[in-house]
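Remarks on the structure that follows.
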Amino acid sequence: MHPLLECSRAFPISDPDLSPSEGEYDLLLGAWVDTDSGRFLVDDDDPDPPRTKKNDVETGEDQKGY
Amino acid sequence: MSDVLEPAVVLLGSRFDFSCDYVASHLRTRGVPYLRLNAEDLPQLALSWNPAQRHLRGSGPDLSFRVRPEVLTGILFRRPTFQRATPNGSDSPQAYLARLHWEAFLRNFMMYASCQWVNHPAATYEAEHKALQLAVASDIGLDIPRTRITNSASAVSEVSSSGRVALKGLDTVLWRENGQDHFGYTNLISSDELAESDLSDMPATIQEAISNKLDLRVTVVGTDVWTASVSTEGSGIDGDWRLLKEEADFEVFTLPREIEQRCVDLTKKLGLTFGAIDLALINGTYVFFEINPTGEWAWLEERLSFPVAETLAAHLAPHTNSEGG
């Protein structure tokens, strides 16, 4: 086996639901929105804003993964 | 009668690419008409593109738009420039082909050649090539690790100096097999062990192992530069810091002006507006590892207040300002 395969790390297959726990995606505004306030979730004073991919399963930053 | 959106800026991403949300927020504040198209949302829309006029019409739930080159000033492109058929992938043939065709659809936005791209797909495609990045970085005057891209184990001795070497894929190492995902990080391994192995089947990147380093993530947008150091418990991280990403600490770091300029020059030389550059500080020397044309940055905006989104919005809509004028 090639060393690149031997040295790889294995993870359980994970296809998590990345949807924020609150709010919904607004097709017209093009962002996740707090349905009560109408604010973009990324603008909310929320200690747990929608997370970027850095905090998700690694598939390669350039999205060349699945 | 519904309003037809004619966007000045188009954001091409996915629903869960929250970086796009940050940029959309700033465009909204600036009063810039923008359209976000996510790959997974496209089947919900009725789309029709006239390539002779470069007019794209679309309609869907609560949305009706017409993209015209006469109005368009900027495109934020955060899609892959090419994709792979992964072994043991779960797509049906139709789902697989649909995915490929929608990505091709989004790449065809390249017909809007005169607007500001962040980043242009062709430049992204080229810049993602690791050996090319290292060559250009070296030309620019950035120090790079001693490196060989090789399928010959005999090259290990040309790189090794500490008994260890760094082994990386020349491309993303990612596959799915037997109910598991496999991903290749940068590996620090014994030079002797690697010199005895068989690399002939595929090329790999072998670099001198670097220890006692402080990793730096440099984010470049045009001529603006923001740098964050990556550490854990006050110390640099041995090997690939992504393996410790939950425990890593990010702090604002000030690069020497000449290193900042080289990062700006590298990004520009590669035809990019945006670049996420990985450097390391080793015994007073700044060493270039790689640049990612579609790298993440929103976590740095959240933690360190880097105004990346606002700067991107300004590049995409250059005749507007943050007060909505």
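Going through the structure tokens in order, the chains are called A, B, and so on, while each chain numbers its residues from 1 and the ligands are numbered from 1 in the order shown.
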Exercise for review: Find the residues near Ser197 of chain B: any atom within 10 Å, counting only C-alpha atoms, skip ones fewer than 4 places away on the same chain, and give them as a VMD selection string.
Suggested key: (chain A and resid 1 to 3) or (chain B and resid 152 to 154 192 to 193)
Tell me, counting only C-alpha atoms, for each residue of chain B within 6 Å of chain A, which pair of atoms is nearest and how far apart they are in Å to one decimal, in rows ordered by chain and increasing number, as CSV.
```
residue,atom,partner,partner_atom,distance
B:Phe18,CA,A:Thr52,CA,5.7
B:Asp21,CA,A:Ala31,CA,5.1
B:Arg36,CA,A:Gly30,CA,5.0
B:Leu63,CA,A:Leu28,CA,5.6
B:Pro80,CA,A:Gln63,CA,5.7
B:Gln83,CA,A:Lys64,CA,5.7
B:Gln180,CA,A:Pro12,CA,4.8
B:Asp181,CA,A:Phe11,CA,5.2
B:His182,CA,A:Ala10,CA,4.4
B:Phe183,CA,A:Ser8,CA,5.4
B:Gly184,CA,A:Ser8,CA,4.3
B:Thr294,CA,A:Asp62,CA,5.4
B:Gly295,CA,A:Glu61,CA,5.7
```
Hey, which bits of segment 82-188 of chain B sit within 12 Å of segment 216-235 of chain B, and for each residue what's the closest pair of atoms and how far apart in Å (one decimal), counting only C-alpha atoms, rows by chain and increasing number, as a Markdown table?
```
| residue | atom | partner | partner_atom | distance |
| --- | --- | --- | --- | --- |
| B:Gln116 | CA | B:Gly222 | CA | 11.3 |
| B:Trp117 | CA | B:Gly222 | CA | 11.4 |
| B:Val118 | CA | B:Val221 | CA | 8.9 |
| B:Asn119 | CA | B:Val221 | CA | 10.2 |
```
Only N, CA and C atoms, please: the residues just picked out, written as a compact mmCIF listing (two decimals), in the first residue's frame.
```txt
# COMPACT_ATOMS: atom_id res chain seq x y z
N GLN B 116 -15.40 41.80 -11.60
CA GLN B 116 -14.39 41.44 -10.60
C GLN B 116 -14.70 40.04 -10.07
N TRP B 117 -13.77 39.13 -10.26
CA TRP B 117 -13.94 37.77 -9.78
C TRP B 117 -13.18 37.57 -8.47
N VAL B 118 -13.81 36.89 -7.53
CA VAL B 118 -13.12 36.45 -6.33
C VAL B 118 -13.48 34.99 -6.10
N ASN B 119 -12.66 34.08 -6.50
CA ASN B 119 -11.61 34.17 -7.49
C ASN B 119 -12.07 33.59 -8.82
```
Exercise for review: May I have the residues within 8 Å of Thr186 of chain B as a ChimeraX atom specification, using only C-alpha atoms and disregarding those fewer than 6 positions away in the same chain?
Suggested key: /B:166-169,239-240
Practice item. Give the alpha helix (DSSP H) residues of segment 226-319 of chain B, as DSSP finds them on the backbone, and put them as a PyMOL selection string. Key: chain B and resi 257-269+298-304+308-316
Write the residues of the preceding selection, restricted to N, CA and C atoms, as a compact mmCIF listing (two decimals), in the first residue's frame.
```txt
# COMPACT_ATOMS: atom_id res chain seq x y z
N ARG B 257 6.58 43.81 7.14
CA ARG B 257 5.95 44.42 5.97
C ARG B 257 6.38 43.72 4.68
N GLU B 258 7.66 43.34 4.59
CA GLU B 258 8.12 42.71 3.34
C GLU B 258 7.49 41.34 3.14
N ILE B 259 7.18 40.63 4.22
CA ILE B 259 6.53 39.32 4.08
C ILE B 259 5.07 39.52 3.67
N GLU B 260 4.41 40.50 4.27
CA GLU B 260 3.05 40.84 3.84
C GLU B 260 3.02 41.13 2.34
N GLN B 261 3.99 41.94 1.89
CA GLN B 261 4.01 42.33 0.47
C GLN B 261 4.21 41.12 -0.42
N ARG B 262 5.04 40.18 0.02
CA ARG B 262 5.26 38.98 -0.79
C ARG B 262 4.00 38.13 -0.85
N CYS B 263 3.25 38.12 0.23
CA CYS B 263 1.97 37.39 0.20
C CYS B 263 1.00 38.05 -0.78
N VAL B 264 0.98 39.37 -0.77
CA VAL B 264 0.14 40.11 -1.72
C VAL B 264 0.60 39.83 -3.16
N ASP B 265 1.91 39.86 -3.37
CA ASP B 265 2.47 39.63 -4.70
C ASP B 265 2.18 38.21 -5.18
N LEU B 266 2.29 37.25 -4.28
CA LEU B 266 2.02 35.86 -4.65
C LEU B 266 0.57 35.69 -5.08
N THR B 267 -0.34 36.25 -4.30
CA THR B 267 -1.76 36.15 -4.61
C THR B 267 -2.04 36.75 -5.98
N LYS B 268 -1.48 37.92 -6.22
CA LYS B 268 -1.69 38.59 -7.50
C LYS B 268 -1.05 37.83 -8.65
N LYS B 269 0.15 37.32 -8.44
CA LYS B 269 0.87 36.58 -9.48
C LYS B 269 0.08 35.35 -9.92
N ALA B 298 -14.04 32.79 7.63
CA ALA B 298 -15.08 33.36 8.49
C ALA B 298 -14.82 33.07 9.97
N TRP B 299 -14.12 31.95 10.26
CA TRP B 299 -13.85 31.69 11.67
C TRP B 299 -12.88 32.71 12.25
N LEU B 300 -12.03 33.27 11.39
CA LEU B 300 -11.12 34.32 11.83
C LEU B 300 -11.86 35.65 12.01
N GLU B 301 -12.87 35.87 11.19
CA GLU B 301 -13.68 37.08 11.35
C GLU B 301 -14.45 37.00 12.66
N GLU B 302 -14.96 35.81 12.96
CA GLU B 302 -15.69 35.63 14.21
C GLU B 302 -14.79 35.83 15.42
N ARG B 303 -13.62 35.22 15.40
CA ARG B 303 -12.77 35.20 16.60
C ARG B 303 -11.88 36.42 16.72
N LEU B 304 -11.39 36.93 15.58
CA LEU B 304 -10.38 37.99 15.64
C LEU B 304 -10.84 39.29 14.99
N VAL B 308 -12.76 40.67 6.75
CA VAL B 308 -12.59 40.05 5.43
C VAL B 308 -13.85 40.22 4.59
N ALA B 309 -15.00 39.95 5.19
CA ALA B 309 -16.26 40.00 4.43
C ALA B 309 -16.51 41.40 3.88
N GLU B 310 -16.26 42.40 4.70
CA GLU B 310 -16.49 43.78 4.26
C GLU B 310 -15.55 44.13 3.11
N THR B 311 -14.32 43.65 3.21
CA THR B 311 -13.34 43.93 2.16
C THR B 311 -13.71 43.20 0.86
N LEU B 312 -14.18 41.97 0.99
CA LEU B 312 -14.64 41.24 -0.20
C LEU B 312 -15.81 41.96 -0.84
N ALA B 313 -16.76 42.41 -0.02
CA ALA B 313 -17.92 43.13 -0.56
C ALA B 313 -17.47 44.39 -1.31
N ALA B 314 -16.49 45.07 -0.77
CA ALA B 314 -15.99 46.28 -1.43
C ALA B 314 -15.34 45.94 -2.78
N HIS B 315 -14.64 44.82 -2.86
CA HIS B 315 -14.04 44.41 -4.13
C HIS B 315 -15.11 44.05 -5.15
N LEU B 316 -16.17 43.41 -4.69
CA LEU B 316 -17.21 42.93 -5.60
C LEU B 316 -18.11 44.06 -6.07
```
